[in-house]
Every structure is written in C-alpha cells, then in structure tokens.
Amino acid sequence: MSILLSAEQLDLTINRLAHQLIENDSDFENVVFIGLQPRGVFLSDAIMNIAKTLTPKELHYGLLDITFYRDDVRNELHVPKETSLNISLEGKKIVLIDDVLYTGRTIRAALDALQDFGRPRKVELCVLVNRRFNRELPIQPDYFGLSIDSPMGQKVKVDWDQKTVLIY
Amino acid sequence: MQLSTKHLLGIKQLSPTDISIILSTAQQFKEVLQRPIKKVPSLRDVTIVNLFYENSTRTRISFELAEKRLSADTINFTASGSSVSKGETLLDTVNNILSMKVDMVVMRHSASGAPHFLAQHLPNTAIVNAGDGINEHPTQALLDAFSITEKIGDLQGKKILLIGDIMHSRVALSNIYLLKKMGAEVMLSGPPTLIPKYIKEAFDVQVEYNLKKALQWCDVANVLRIQLERQNQVLFSSLREYNLSYGVSSKLLSEINKEIVIMHPGPINRGVEIDSDVADSSQSVILKQVENGVAVRMAVLYLLSGKKELGN
C-alpha cells in the first residue's frame with residue numbers, strides 16, 4: 001500500500017480543482033455542479049465549500065445516485081443513496097464530480113441518468129484521480145487532481161478520515 | 001447486498017434487515033417518481049407476468065406501474081375469460097407461461113399458500129405474493145410501514161391499531177408480522193366475532209373491543225374494510241350497527257385528545273368502517289399509501305430481480 005497524496009497535498013489539490021471549476025465561467029446561473037454517490041460526494045462537498053468562497057454568485061449544487069443506471073445492475077445489487085437535483089438540467093452546463101475515474105462505467109451510467117432530468121447543453125467531468133490506462137469506455141476527464149498509471153488489479157481509494165489517497 | 005429470500009411470499013419469511021433494505025430502497029424510488037422522466041432502465045430485459053386469479057384493480061395497476069417504471073415488460077393474466085375457465089390447473093397455466101421465458105411472477109390467488117406452492121415448483125423464477133387467500137399481503141404491509149415512517153418516524157415503539165375484520169384480513173396478518181418484527185406495539189379492535197380467539201397469545205398483541213379506548217391508546221389507526229364478499233355467515237347484525245360501534249367518525253376522533261394518523265388499505269366503504277370526513281381529513285394518509293405503493297413495489301421487484309446462480 002502506498003500513499004498517492006498526503007493530507008497536505010490533498011488539500012492543495014482540492015483547492016486547485018475548486019479554482020479551476022470557477023475560473024472558466026462568469027455566469028453560474030446555467031451551471032450545475034453534481035456530486036456522484038456514494039464516494040464522489042465527499043469530494044464534491046469539499047470542492048463546493050471552497051468554490052463558494054471564490055465567487056459571490058449563487059452556485060447550483062446537487063447529488064446524483066446512478067445505481068439504477070448501472071450496466072451490471074442485476075449482477076450485484078446496491079442499495080441506492082440520496083439523489084437531490086432540485087433544478088431542471090435542460091440547457092445547463094453540468095460538471096460531474098467523482099473521486100476516482102477507472103473504467104468509466106460509472107460516468108456512462110451518470111450520463112444516462114442525466115438524460116432523464118432534461119437535455120444538458122454540455123457535460124464536463126472533474127475527478128480527483130484519473131487512472132489513465134484502465135478505461136473500458138471512451139470517457140476522459142476535463143479536470144483532474146492527478147493522473148496515474150496503475151495495473152488493473154490495484155485499487156485506488158480516498159480515505160476521507162485520514163485525508164489521504166491510497167493505492168494498494 | 002441482497003434480501004435473505006429470493007421470493008416475497010410473506011412478511012413471515014423476511015428479517016428486520018430485509019424490511020429495512022426494502023424501505024430505504026423504496027425511499028429512493030419515491031424520488032425517482034418525482035423526476036421529469038419517472039423511469040429507470042434497471043429491469044430492462046426482465047419479463048414479469050401479473051397472475052391475478054382474484055379481482056383487483058388498485059393492486060394490479062400499482063404493480064403494473066411499478067414494473068413499467070422499471071422498464072420491465074409486463075403481461076397481465078386475469079382468470080376470467082382464460083384457460084382457467086376451461087379447467088386448466090394452476091401449475092399447468094404457469095408452466096405454459098414460463099415456457100415463454102418469463103422471469104418473475106406477481107400472483108394474487110384466493111387460496112392461501114398458492115404462491116408458496118408455485119415457489120416450490122418453480123425454483124428459478126422469483127414469485128411475489130400480491131395476496132393469497134386469508135394468509136398474507138406483504139407489499140401492502142410494506143407500503144403501510146413506509147407511510148407510517150414517512151409521517152411519524154421510525155416504527156420502533158410506535159403504537160399501531162388495526163380496526164375491523166381481523167379474522168379474514170391478510171392485510172392485518174402481514175401488518176402484525178411486520179410491526180412486531182420492527183419493534184412496534186400492536187393493538188386490534190373490532191367486533192369480538194371478527195377477531196380470532198387466541199390472537200393475543202399467538203402474536204403478543206393487545207385486543208380492545210372498545211373503539212374509543214383503542215383510539216386513545218394509538219398513534220396510528222389502520223382501518224380495514226368490511227369484506228362482504230368473504231363472509232358466508234353474518235358476523236354482525238348490519239352495516240349500520242357496525243358503523244355505530246366500530247366506524248371511525250370525526251365525532252369519535254374529537255373526543256380523544258390527540259391527533260392520530262388514519263390509514264386504510266382501500267377500497268373505502270364510506271359511512272361503514274370510516275366516515276367520509278375522516279377519510280378526507282388532513283390526518284389521513286390514505287392517498288399517500290397509494291402513491292407509496294408504487295415506490296415500494298418498485299423496490300421489491302428491483303431487489304428480487306438479481307441474477308440467480310442456479311442457471312439463468
């Protein structure tokens with residue numbers, strides 16, 4: 001097991017991601033930030049807390065659970081967590097936020113789920129860890145904390161209690 | 001994450017953990033039902049047959065909506081005007097349907113134990129009991145529990161009163177099993193002729209023949225319909241007399257000094273077991289029960305649909 005990001009580095013990275021998400025837009029009326037359940041939510045909460053301090057404008061933020069859209073939906077049953085998207089996504093720019101981008105299947109499921117809330121104008125992806133060569137679908141992040149090369153057998157996990165990112 | 005059983009034959013076979021899983025999954029399906037597109041693709045390649053040997057409108061529609069919202073394909077079978085009237089046995093009918101590769105069966109039948117009989121003979125098909133004789137109606141108890149929790153919080157320690165024809169009610173039995181498993185206190189009220197004699201000892205519930213005292217005790221009153229079609233003997237003298245002694249009226253509710261939640265599995269006999277102004281009052285969650293029914297049934301079908309290891 002080794003540490004990819006220490007607590008200090010994790011804080012800096014989250015800070016940078018928050019700045020990156022805010023710097024491109026001036027009007028946040030048509031932007032919605034969405035944290036993916038279950039683990040992306042810790043990251044999105046942390047990013048949004050900083051992002052709110054960077055602009056006086058109101059930021060739209062919600063949570064999305066993609067359990068019902070998974071492509072392995074009946075091989076392993078998962079009990080879904082809360083989805084709270086109280087705003088229509090029609091014509092909006094969406095920024096999906098998740099912790100680790102691995103095969104890309106979670107994001108594919110998220111894209112399907114988004115369709116059922118309206119037709120977004122644009123969808124971008126922000127992740128903390130981009131596991132570069134493990135993709136099973138053509139999906140890439142627009143914003144990422146760090147990019148790593150890792151064999152299929154290894155797991156990358158964000159430990160939010162210890163505030164470190166581990167690979168094992 | 002799985003239920004401990006691969007069919008839903010009754011609450012009797014469920015553990016408290018199973019019940020919690022179903023209710024929390026139902027909560028998420030309720031959110032799905034508020035979306036602009038009330039559909040998820042989870043059961044897209046699943047075919048479900050609704051085998052209703054007994055009349056039903058609301059349960060059948062509720063199951064059908066749940067199945068369609070999960071993107072499943074549904075087939076409806078009602079006994080009248082089918083091979084059953086030509087004398088085909090239950091097992092033959094079902095085997096014929098299964099040869100057409102159906103994945104799940106939702107069944108309502110007038111014989112207690114019919115779904116259990118099917119489950120024994122069809123080990124690879126998930127069977128959901130939509131009401132069997134005077135045995136159980138598990139999805140009704142689950143949606144009742146969901147509705148209670150939605151209105152007044154966790155079932156543990158809550159006081160639930162069931163009123164009416166307990167003896168012939170599968171809704172009552174399923175509710176008693178579920179409420180006891182989840183730590184609630186249960187009391188039954190109704191004419192002595194409609195409450196089985198040793199039910200107190202059998203299920204560790206209270207029995208109170210005075211409706212006003214029972215209402216005073218409870219947090220929630222679940223009012224059962226007087227089932228005219230199920231009785232051969234007359235167990236009370238008239239509907240009018242039933243209403244005078246056991247009908248839930250707003251006058252009676254105003255005499256007890258607290259606000260209780262009013263429930264009814266439907267369909268309501270207005271003016272018999274419940275008066276119109278009570279059924280339509282703000283304390284009544286009767287229409288919420290119907291709404292919650294679809295979400296709860298979606299949860300049950302989703303959780304039972306997992307791919308089974310024994311060949312598929």
# chains A, B, ... in the order shown; residues from 1 in each chain; ligands from 1
$ interface_residues --of "chain B" --to "chain A" --cutoff "9 Å" --atoms "only C-alpha atoms" --output "VMD selection string"
chain B and resid 1 to 2 21 to 22 24 to 25 27 to 28 31 to 32 35 to 43 70 302 to 303 305 to 308
$ residues_around --residues "region 182-187 of chain B" --least-positions-apart "2" --cutoff "12 Å" --atoms "only C-alpha atoms" --output "PyMOL selection string"
chain B and resi 11+14-20+23+141-142+145-146+148-149+153-164+166+172-173+175-180+189-190+195+199-200+203-211+213-222
$ residues_around --residues "His19 (chain A)" --least-positions-apart "2" --cutoff "9 Å" --atoms "only C-alpha atoms" --output "ChimeraX atom specification"
/A:14-17,21-23,47,50-51,54
$ atom_distance --atom1 "CA of Glu150 (chain B)" --atom2 "CA of Arg69 (chain B)"
21.9 Å
$ closest_atom_pairs --of "region 20-45 of chain A" --to "region 59-62 of chain A" --cutoff "8 Å" --atoms "only C-alpha atoms" --output "tab-separated table"
residue	atom	partner	partner_atom	distance
A:Phe28	CA	A:Leu59	CA	6.1
A:Glu29	CA	A:Leu59	CA	7.5
A:Val31	CA	A:His60	CA	6.7
A:Val32	CA	A:His60	CA	4.9
A:Phe33	CA	A:Tyr61	CA	4.7
A:Ile34	CA	A:Gly62	CA	4.9
A:Gly35	CA	A:Gly62	CA	6.5
$ select_by_dssp --residues "region 42-109 of chain B" --states "strand (DSSP E or B)" --output "list of chain:residue names"
B:Thr47, B:Ile48, B:Val49, B:Asn50, B:Leu51, B:Phe52, B:Asp73, B:Thr74, B:Ile75, B:Asn76, B:Phe77, B:Thr78, B:Met104, B:Val105, B:Val106, B:Met107, B:Arg108, B:His109
$ atom_distance --atom1 "CA of Ile274 (chain B)" --atom2 "CA of Gly10 (chain B)"
27.5 Å
$ residues_around --residues "Gly271 (chain B)" --least-positions-apart "3" --cutoff "8 Å" --atoms "only C-alpha atoms" --output "MDAnalysis selection string"
chainID B and resid 243 247 274:276
$ write_last_selection --atoms "N, CA and C atoms" --output "tab-separated table (two decimals), in the first residue's frame"
chain	number	residue	atom	x	y	z
B	243	ASN	N	-71.18	0.46	11.88
B	243	ASN	CA	-70.72	1.84	11.84
B	243	ASN	C	-70.92	2.53	13.18
B	247	GLY	N	-67.31	2.24	13.54
B	247	GLY	CA	-66.94	3.16	12.47
B	247	GLY	C	-66.08	4.29	13.03
B	274	ILE	N	-65.47	3.74	7.95
B	274	ILE	CA	-64.84	5.07	8.12
B	274	ILE	C	-65.78	6.11	7.50
B	275	ASP	N	-65.89	7.25	8.17
B	275	ASP	CA	-66.75	8.29	7.62
B	275	ASP	C	-65.98	9.15	6.63
B	276	SER	N	-66.72	9.72	5.69
B	276	SER	CA	-66.08	10.50	4.62
B	276	SER	C	-65.18	11.61	5.14
$ closest_residue --among "A:Tyr168, A:Trp160, A:Tyr143, A:Phe133" --to "Val41 (chain A)" --atoms "only C-alpha atoms"
A:Trp160
$ closest_residue --among "B:Asn96, B:Leu91, B:Pro138, B:Gly266" --to "Thr57 (chain B)" --atoms "only C-alpha atoms"
B:Gly266
$ closest_residue --among "B:Asn124, B:Asn269, B:Thr59, B:Ser245" --to "Pro192 (chain B)" --atoms "only C-alpha atoms"
B:Ser245
$ closest_residue --among "A:Asn30, A:Ala110, A:Leu128, A:Ile87" --to "Leu12 (chain A)" --atoms "only C-alpha atoms"
A:Leu128
$ residues_around --residues "Val100 (chain A)" --least-positions-apart "6" --cutoff "7 Å" --atoms "only C-alpha atoms" --output "tab-separated table (two decimals) with C-alpha atoms, in the first residue's frame"
chain	number	residue	atom	x	y	z
A	127	VAL	CA	-12.18	13.75	-10.80
A	128	LEU	CA	-9.56	13.59	-8.09
A	129	VAL	CA	-7.66	10.59	-9.51
A	130	ASN	CA	-7.52	9.70	-13.20
$ select_by_dssp --residues "region 25-207 of chain B" --states "alpha helix (DSSP H)" --output "ChimeraX atom specification"
/B:25-32,58-69,90-98,114-121,138-152,170-181,199-203
